Amino acid sequence: MAHLRSRRRLALAVPVVLSLTASLGFLPGAASAAPLTASAATRADGPALAYVVNTRTDHRTIASVKRAIAAAGGSVVIAYEQIGVIVVHSADPDFGSRIRAVRGVQSAGATRTAPLAAAGTTDEGAVKVLSAAEAAKVSRSAAAGQEPLEADQWDLRAIGADRAAKKDPGSRKVTVAVIDVGVDDTHPDIAPNFSASQSANCVGGKPDTTYGAWRPVDADHYHGTHVAGEIAAARNGVGVAGVAPGVKVSGITVAEPDSTQLFYPESVVCAFVFAADHGVEITNNSYYVDPWLYNCMDDPDQRAIVDAVDRAQRYAQHKGTLNVAAAGNSNDDLDADALSDASSPDDSTPVPRTVDPHKCFDVPTQLPGVVTVSSTGVTGAKSYFSSYGKGVIDVAAPGGDRFQIPDTPSKNGRILSTLPNNQYGFLQGTSMATPHVAGVAALLKSKYPWAGPATLQRLLKAEADNPGCPAGPYDGNGDGVVDATCVGDKHLNGFYGAGIVNALRAVR
């Protein structure tokens, strides 16, 4: 599976880029990446590819563009007229260039470089499943009032979530949608808080609300179930507890059902729109949109991806949804002058390139208004894998770190949560930090139901605890080499943003 990365806020770097109404034709150049060349030979054979075509939202323009799509050899899968995004399939290798020349089309491009037939999640390393014997051992350490496996949940105590639950576990009027590989709603820790009416399968760009369509296709698609448990596992005397055990959680599947589990743009567009239209207050996004780790604005396909996904997430914001996303596991300084990308495109043959992170954008974590999250371990230090960068990271949260060992029964520095088929396991990554922030945001929304996305983001930052930059060199893995440099102060810095979120302060 691919790994997520994040970048500086587009709102700060190029605000006009992501205006829902601005034509991308007015964007400044962003040269730093080679134009798309992968699979050019395959395209010449005419395989079916998926595209996003972005236009104005008036009915006349959309109708005209639909006719042009058909004339150019494309077929409409679905049109999100409220944001001016049309998902199209076409086997014509010249479809992209032809449709971009049509009056009313503001941007258009292929969303993949391989034929229709693998978004990369942000967990770092393989899952460690908790065996029955190990679970029994942990359960014997449970204190009065704790869930059976809570003794291993150092992360809850790190942000005061265990104490917060006694004061306010969150409101059932608040739903966090897990946009991911699927959520196993039959898990006994998830079932009590699961909202089927706000769940769907968006793979391919069109929502499928058939009952159970949101579930993972197999046990290897465990990522979304783990994330859902971190947010809202019920305090019901079973297994673990979530940060906000009183709120509801839903699942919106966007990952391809095969082993690659890629998250394509049209699926993510569908997820944001579906969440917004179904009253979801918060979305959790522990992934980056495939196939490009960075979407460079001098490439018409990548440019269209940025435009389409941003239209969808802005639509969600405008309807009151706060979007929270993971910063990535590269240990990159996301405010650097240049970064290497050797993984894109991840659905065909990657072509190594150097990108300017201020001109080539990670989606959705870098989009305006999205809360970008870095990861910490049990000591409160930045996780060795977590990306960072002043002006990029908004807040931090526990995401685990195998080098930071807690005093818990399992002595495991990763995050324990739910897995499909009624199991539990440990994972680490900014994927695990993000649901902690989404959970705290849900507690804030429960306390302040009038608060919109911008207000919730301000509250998250105001309630956070900022340890400031380390006093000495940062050596995350203990090998004697300085791994990262923190820039900033105790108010705002590159490792923690405004600080590590605090659930107890959120409910006080």
# chains A, B, ... in the order shown; residues from 1 in each chain; ligands from 1

$ select_by_dssp --residues "stretch 230-277 of chain A" --states "strand (DSSP E or B)" --output "NGL selection string"
:A and (248-253 or 255 or 263)

$ write_last_selection --atoms "C-alpha atoms" --output "compact mmCIF listing (two decimals), in the first residue's frame"
# COMPACT_ATOMS: atom_id res chain seq x y z
CA LYS A 248 -21.58 7.94 16.00
CA VAL A 249 -19.18 6.68 13.34
CA SER A 250 -19.86 5.81 9.71
CA GLY A 251 -17.85 4.22 6.94
CA ILE A 252 -17.38 5.49 3.40
CA THR A 253 -15.31 3.06 1.37
CA ALA A 255 -10.24 2.03 -1.62
CA PHE A 263 -7.80 5.61 -3.28

$ atom_distance --atom1 "atom CA of A:Ala213" --atom2 "atom CA of A:Asn201"
5.5 Å

$ residues_around --residues "A:Ala312" --least-positions-apart "3" --cutoff "12 Å" --atoms "only C-alpha atoms" --output "MDAnalysis selection string"
chainID A and resid 18:20 52 54 80:86 205 265:277 305:309 315:319 321 323 363:364 367:368

$ write_last_selection --atoms "C-alpha atoms" --output "CSV table (one decimal), in the first residue's frame"
chain,number,residue,atom,x,y,z
A,18,LEU,CA,-8.5,26.1,-5.2
A,19,SER,CA,-11.3,28.6,-5.6
A,20,LEU,CA,-14.4,26.7,-6.5
A,52,VAL,CA,-12.6,14.1,-13.8
A,54,ASN,CA,-14.5,20.2,-13.9
A,80,TYR,CA,-21.8,16.1,-9.2
A,81,GLU,CA,-23.6,19.2,-10.5
A,82,GLN,CA,-23.5,21.0,-7.1
A,83,ILE,CA,-19.7,21.3,-7.4
A,84,GLY,CA,-19.3,21.0,-11.2
A,85,VAL,CA,-17.4,17.7,-11.2
A,86,ILE,CA,-18.2,15.0,-13.8
A,205,GLY,CA,-17.1,7.6,-8.0
A,265,PRO,CA,-9.8,10.9,-6.9
A,266,GLU,CA,-13.3,10.1,-8.2
A,267,SER,CA,-13.9,7.9,-5.2
A,268,VAL,CA,-12.8,10.6,-2.8
A,269,VAL,CA,-14.9,13.2,-4.5
A,270,CYS,CA,-17.9,10.9,-4.1
A,271,ALA,CA,-17.0,10.4,-0.4
A,272,PHE,CA,-16.8,14.1,0.5
A,273,VAL,CA,-20.0,15.0,-1.3
A,274,PHE,CA,-21.9,12.0,0.2
A,275,ALA,CA,-20.7,12.9,3.7
A,276,ALA,CA,-21.8,16.5,3.3
A,277,ASP,CA,-25.2,15.6,1.9
A,305,ILE,CA,-7.3,16.1,-9.6
A,306,VAL,CA,-6.5,18.9,-7.2
A,307,ASP,CA,-9.4,20.9,-8.6
A,308,ALA,CA,-11.9,18.1,-8.3
A,309,VAL,CA,-11.1,16.9,-4.8
A,315,TYR,CA,-18.5,21.7,-0.6
A,316,ALA,CA,-18.4,19.6,2.6
A,317,GLN,CA,-16.9,22.5,4.6
A,318,HIS,CA,-19.6,24.8,3.3
A,319,LYS,CA,-22.2,22.3,4.5
A,321,THR,CA,-18.2,19.3,7.8
A,323,ASN,CA,-12.2,17.4,7.4
A,363,VAL,CA,-4.4,15.8,-1.6
A,364,PRO,CA,-6.5,16.1,0.6
A,367,LEU,CA,-6.2,21.6,0.9
A,368,PRO,CA,-7.5,24.8,2.5

$ atom_distance --atom1 "atom CA of A:Val371" --atom2 "atom CA of A:Ala50"
28.5 Å

$ residues_around --residues "A:Lys390" --least-positions-apart "3" --cutoff "9 Å" --atoms "only C-alpha atoms" --output "list in words"
Arg8, Asp333, Leu334, Asp335, Ile393, Asp394, Cys486, Val487, Gly488, Leu492, Asn493, Gly494, Phe495, Tyr496 and Gly497 of chain A

$ residues_around --residues "A:Ala244" --least-positions-apart "5" --cutoff "8 Å" --atoms "only C-alpha atoms" --output "list in words"
Ala161, Ala165, Pro169, Gly170, Ile231, Ala232, Ala233, Gly439, Val440, Ala442 and Leu443 of chain A

$ write_last_selection --atoms "N, CA and C atoms" --output "PDB file, in the first residue's frame"
ATOM      1  N   ALA A 161      -8.349  11.379  27.354  1.00  0.00           N
ATOM      2  CA  ALA A 161      -9.618  10.887  26.816  1.00  0.00           C
ATOM      3  C   ALA A 161     -10.334   9.956  27.783  1.00  0.00           C
ATOM      4  N   ALA A 165     -14.165  10.956  29.010  1.00  0.00           N
ATOM      5  CA  ALA A 165     -15.338  10.106  28.797  1.00  0.00           C
ATOM      6  C   ALA A 165     -16.252  10.083  30.018  1.00  0.00           C
ATOM      7  N   PRO A 169     -18.939  11.802  27.063  1.00  0.00           N
ATOM      8  CA  PRO A 169     -18.444  10.885  26.032  1.00  0.00           C
ATOM      9  C   PRO A 169     -18.748  11.331  24.612  1.00  0.00           C
ATOM     10  N   GLY A 170     -19.449  12.446  24.472  1.00  0.00           N
ATOM     11  CA  GLY A 170     -19.833  12.908  23.145  1.00  0.00           C
ATOM     12  C   GLY A 170     -21.301  12.645  22.854  1.00  0.00           C
ATOM     13  N   ILE A 231     -11.740   6.212  17.090  1.00  0.00           N
ATOM     14  CA  ILE A 231     -12.633   7.356  17.232  1.00  0.00           C
ATOM     15  C   ILE A 231     -13.753   7.077  18.208  1.00  0.00           C
ATOM     16  N   ALA A 232     -14.460   5.958  18.027  1.00  0.00           N
ATOM     17  CA  ALA A 232     -15.742   5.806  18.722  1.00  0.00           C
ATOM     18  C   ALA A 232     -16.035   4.395  19.206  1.00  0.00           C
ATOM     19  N   ALA A 233     -15.014   3.582  19.509  1.00  0.00           N
ATOM     20  CA  ALA A 233     -15.299   2.287  20.129  1.00  0.00           C
ATOM     21  C   ALA A 233     -16.077   2.527  21.424  1.00  0.00           C
ATOM     22  N   GLY A 439     -11.653  12.462  16.871  1.00  0.00           N
ATOM     23  CA  GLY A 439     -12.426  12.184  18.075  1.00  0.00           C
ATOM     24  C   GLY A 439     -12.545  13.394  18.982  1.00  0.00           C
ATOM     25  N   VAL A 440     -11.436  14.113  19.178  1.00  0.00           N
ATOM     26  CA  VAL A 440     -11.487  15.326  20.003  1.00  0.00           C
ATOM     27  C   VAL A 440     -12.369  16.373  19.330  1.00  0.00           C
ATOM     28  N   ALA A 442     -14.925  15.747  17.549  1.00  0.00           N
ATOM     29  CA  ALA A 442     -16.301  15.306  17.789  1.00  0.00           C
ATOM     30  C   ALA A 442     -16.769  15.691  19.192  1.00  0.00           C
ATOM     31  N   LEU A 443     -15.867  15.616  20.166  1.00  0.00           N
ATOM     32  CA  LEU A 443     -16.219  16.055  21.517  1.00  0.00           C
ATOM     33  C   LEU A 443     -16.500  17.557  21.544  1.00  0.00           C
TER      34      LEU A 443
END

$ closest_residue --among "A:Pro216, A:Pro350, A:Pro453, A:Gly96" --to "A:Ala438" --atoms "only C-alpha atoms"
A:Pro453

$ closest_atom_pairs --of "stretch 290-385 of chain A" --to "stretch 501-504 of chain A" --cutoff "12 Å" --atoms "only C-alpha atoms" --output "Markdown table"
| residue | atom | partner | partner_atom | distance |
| --- | --- | --- | --- | --- |
| A:Val371 | CA | A:Val501 | CA | 12.0 |
| A:Val373 | CA | A:Val501 | CA | 9.9 |
| A:Ser374 | CA | A:Val501 | CA | 10.8 |
| A:Ser375 | CA | A:Val501 | CA | 10.9 |
| A:Thr376 | CA | A:Val501 | CA | 10.7 |
| A:Gly380 | CA | A:Val501 | CA | 11.2 |

$ residues_around --residues "stretch 146-150 of chain A" --least-positions-apart "5" --cutoff "9 Å" --atoms "only C-alpha atoms" --output "VMD selection string"
chain A and resid 135 to 136 138 to 141 156 162 235 to 241 416

$ atom_distance --atom1 "atom CA of A:Glu124" --atom2 "atom CA of A:Ala471"
26.6 Å

$ residues_around --residues "A:Gly320" --least-positions-apart "4" --cutoff "12 Å" --atoms "only C-alpha atoms" --output "list in words"
Val174, Thr175, Phe272, Val273, Ala275, Ala276, Asp277, His278, Gly279, Val280, Glu281, Ile282, Thr283, Gln313, Arg314, Tyr315, Ala316, Gly369, Lys445, Pro449, Trp450, Ala451, Gly452, Pro453, Ala454, Thr455 and Leu456 of chain A

$ write_last_selection --atoms "N, CA, C and O atoms" --output "mmCIF file, in the first residue's frame"
data_model
loop_
_atom_site.group_PDB
_atom_site.id
_atom_site.type_symbol
_atom_site.label_atom_id
_atom_site.label_comp_id
_atom_site.auth_asym_id
_atom_site.auth_seq_id
_atom_site.Cartn_x
_atom_site.Cartn_y
_atom_site.Cartn_z
ATOM 1 N N VAL A 174 -23.650 13.697 16.734
ATOM 2 C CA VAL A 174 -22.421 13.978 15.984
ATOM 3 C C VAL A 174 -21.919 12.687 15.345
ATOM 4 O O VAL A 174 -21.809 11.662 16.016
ATOM 5 N N THR A 175 -21.603 12.757 14.045
ATOM 6 C CA THR A 175 -21.085 11.591 13.322
ATOM 7 C C THR A 175 -19.733 11.918 12.704
ATOM 8 O O THR A 175 -19.568 12.964 12.080
ATOM 9 N N PHE A 272 -16.591 12.830 -0.110
ATOM 10 C CA PHE A 272 -16.809 14.141 0.504
ATOM 11 C C PHE A 272 -18.225 14.650 0.244
ATOM 12 O O PHE A 272 -18.879 15.191 1.137
ATOM 13 N N VAL A 273 -18.698 14.488 -0.977
ATOM 14 C CA VAL A 273 -20.045 14.952 -1.300
ATOM 15 C C VAL A 273 -21.085 14.142 -0.538
ATOM 16 O O VAL A 273 -22.046 14.694 0.018
ATOM 17 N N ALA A 275 -20.726 12.530 2.326
ATOM 18 C CA ALA A 275 -20.673 12.903 3.736
ATOM 19 C C ALA A 275 -21.413 14.217 3.981
ATOM 20 O O ALA A 275 -22.202 14.337 4.921
ATOM 21 N N ALA A 276 -21.152 15.196 3.125
ATOM 22 C CA ALA A 276 -21.791 16.498 3.282
ATOM 23 C C ALA A 276 -23.298 16.409 3.138
ATOM 24 O O ALA A 276 -24.052 17.013 3.915
ATOM 25 N N ASP A 277 -23.758 15.649 2.159
ATOM 26 C CA ASP A 277 -25.188 15.551 1.888
ATOM 27 C C ASP A 277 -25.928 14.671 2.884
ATOM 28 O O ASP A 277 -27.166 14.636 2.885
ATOM 29 N N HIS A 278 -25.191 13.954 3.715
ATOM 30 C CA HIS A 278 -25.828 13.073 4.698
ATOM 31 C C HIS A 278 -25.545 13.515 6.136
ATOM 32 O O HIS A 278 -25.617 12.708 7.070
ATOM 33 N N GLY A 279 -25.244 14.783 6.309
ATOM 34 C CA GLY A 279 -25.186 15.368 7.642
ATOM 35 C C GLY A 279 -24.011 14.954 8.497
ATOM 36 O O GLY A 279 -24.078 15.044 9.729
ATOM 37 N N VAL A 280 -22.911 14.533 7.891
ATOM 38 C CA VAL A 280 -21.719 14.170 8.658
ATOM 39 C C VAL A 280 -21.019 15.431 9.149
ATOM 40 O O VAL A 280 -20.799 16.361 8.376
ATOM 41 N N GLU A 281 -20.664 15.444 10.433
ATOM 42 C CA GLU A 281 -20.018 16.632 11.006
ATOM 43 C C GLU A 281 -18.506 16.645 10.799
ATOM 44 O O GLU A 281 -17.902 17.718 10.691
ATOM 45 N N ILE A 282 -17.880 15.474 10.776
ATOM 46 C CA ILE A 282 -16.420 15.387 10.689
ATOM 47 C C ILE A 282 -16.053 14.213 9.799
ATOM 48 O O ILE A 282 -16.674 13.144 9.879
ATOM 49 N N THR A 283 -15.047 14.393 8.932
ATOM 50 C CA THR A 283 -14.509 13.261 8.177
ATOM 51 C C THR A 283 -13.074 12.996 8.609
ATOM 52 O O THR A 283 -12.320 13.931 8.880
ATOM 53 N N GLN A 313 -14.227 18.745 -1.167
ATOM 54 C CA GLN A 313 -14.011 18.958 0.261
ATOM 55 C C GLN A 313 -14.463 20.349 0.685
ATOM 56 O O GLN A 313 -14.917 20.539 1.814
ATOM 57 N N ARG A 314 -14.357 21.327 -0.209
ATOM 58 C CA ARG A 314 -14.894 22.661 0.115
ATOM 59 C C ARG A 314 -16.411 22.611 0.225
ATOM 60 O O ARG A 314 -17.003 23.276 1.082
ATOM 61 N N TYR A 315 -17.040 21.843 -0.640
ATOM 62 C CA TYR A 315 -18.491 21.667 -0.565
ATOM 63 C C TYR A 315 -18.876 21.113 0.812
ATOM 64 O O TYR A 315 -19.836 21.571 1.441
ATOM 65 N N ALA A 316 -18.105 20.125 1.272
ATOM 66 C CA ALA A 316 -18.366 19.564 2.592
ATOM 67 C C ALA A 316 -18.189 20.620 3.681
ATOM 68 O O ALA A 316 -19.019 20.734 4.597
ATOM 69 N N GLY A 369 -8.420 24.591 4.718
ATOM 70 C CA GLY A 369 -9.431 24.264 5.707
ATOM 71 C C GLY A 369 -9.320 22.874 6.280
ATOM 72 O O GLY A 369 -9.969 22.556 7.282
ATOM 73 N N LYS A 445 -17.513 19.368 18.969
ATOM 74 C CA LYS A 445 -18.780 19.578 18.259
ATOM 75 C C LYS A 445 -19.957 19.204 19.150
ATOM 76 O O LYS A 445 -21.023 19.843 19.082
ATOM 77 N N PRO A 449 -22.478 22.619 19.538
ATOM 78 C CA PRO A 449 -23.124 22.149 18.303
ATOM 79 C C PRO A 449 -23.270 23.221 17.231
ATOM 80 O O PRO A 449 -23.435 22.901 16.051
ATOM 81 N N TRP A 450 -23.159 24.473 17.614
ATOM 82 C CA TRP A 450 -23.269 25.574 16.653
ATOM 83 C C TRP A 450 -21.969 25.818 15.892
ATOM 84 O O TRP A 450 -21.951 26.536 14.897
ATOM 85 N N ALA A 451 -20.865 25.228 16.364
ATOM 86 C CA ALA A 451 -19.545 25.534 15.804
ATOM 87 C C ALA A 451 -19.388 24.944 14.405
ATOM 88 O O ALA A 451 -19.625 23.759 14.189
ATOM 89 N N GLY A 452 -18.959 25.781 13.455
ATOM 90 C CA GLY A 452 -18.665 25.323 12.110
ATOM 91 C C GLY A 452 -17.239 24.823 12.004
ATOM 92 O O GLY A 452 -16.481 24.845 12.980
ATOM 93 N N PRO A 453 -16.830 24.378 10.821
ATOM 94 C CA PRO A 453 -15.484 23.821 10.646
ATOM 95 C C PRO A 453 -14.357 24.757 11.062
ATOM 96 O O PRO A 453 -13.408 24.315 11.719
ATOM 97 N N ALA A 454 -14.436 26.019 10.695
ATOM 98 C CA ALA A 454 -13.361 26.949 11.042
ATOM 99 C C ALA A 454 -13.275 27.149 12.552
ATOM 100 O O ALA A 454 -12.180 27.197 13.123
ATOM 101 N N THR A 455 -14.421 27.239 13.202
ATOM 102 C CA THR A 455 -14.438 27.402 14.657
ATOM 103 C C THR A 455 -13.910 26.154 15.346
ATOM 104 O O THR A 455 -13.142 26.238 16.309
ATOM 105 N N LEU A 456 -14.310 24.985 14.863
ATOM 106 C CA LEU A 456 -13.812 23.740 15.446
ATOM 107 C C LEU A 456 -12.283 23.650 15.330
ATOM 108 O O LEU A 456 -11.608 23.200 16.262
#

$ closest_residue --among "A:Ala164, A:Ala327, A:Ala336, A:Ala108" --to "A:Thr354" --atoms "only C-alpha atoms"
A:Ala336

$ closest_residue --among "A:Val254, A:Ile159, A:Leu322, A:Ala72" --to "A:Cys202" --atoms "only C-alpha atoms"
A:Val254

$ closest_residue --among "A:Asn284, A:Asn331, A:Asn193, A:Asn422" --to "A:Ala132" --atoms "only C-alpha atoms"
A:Asn422
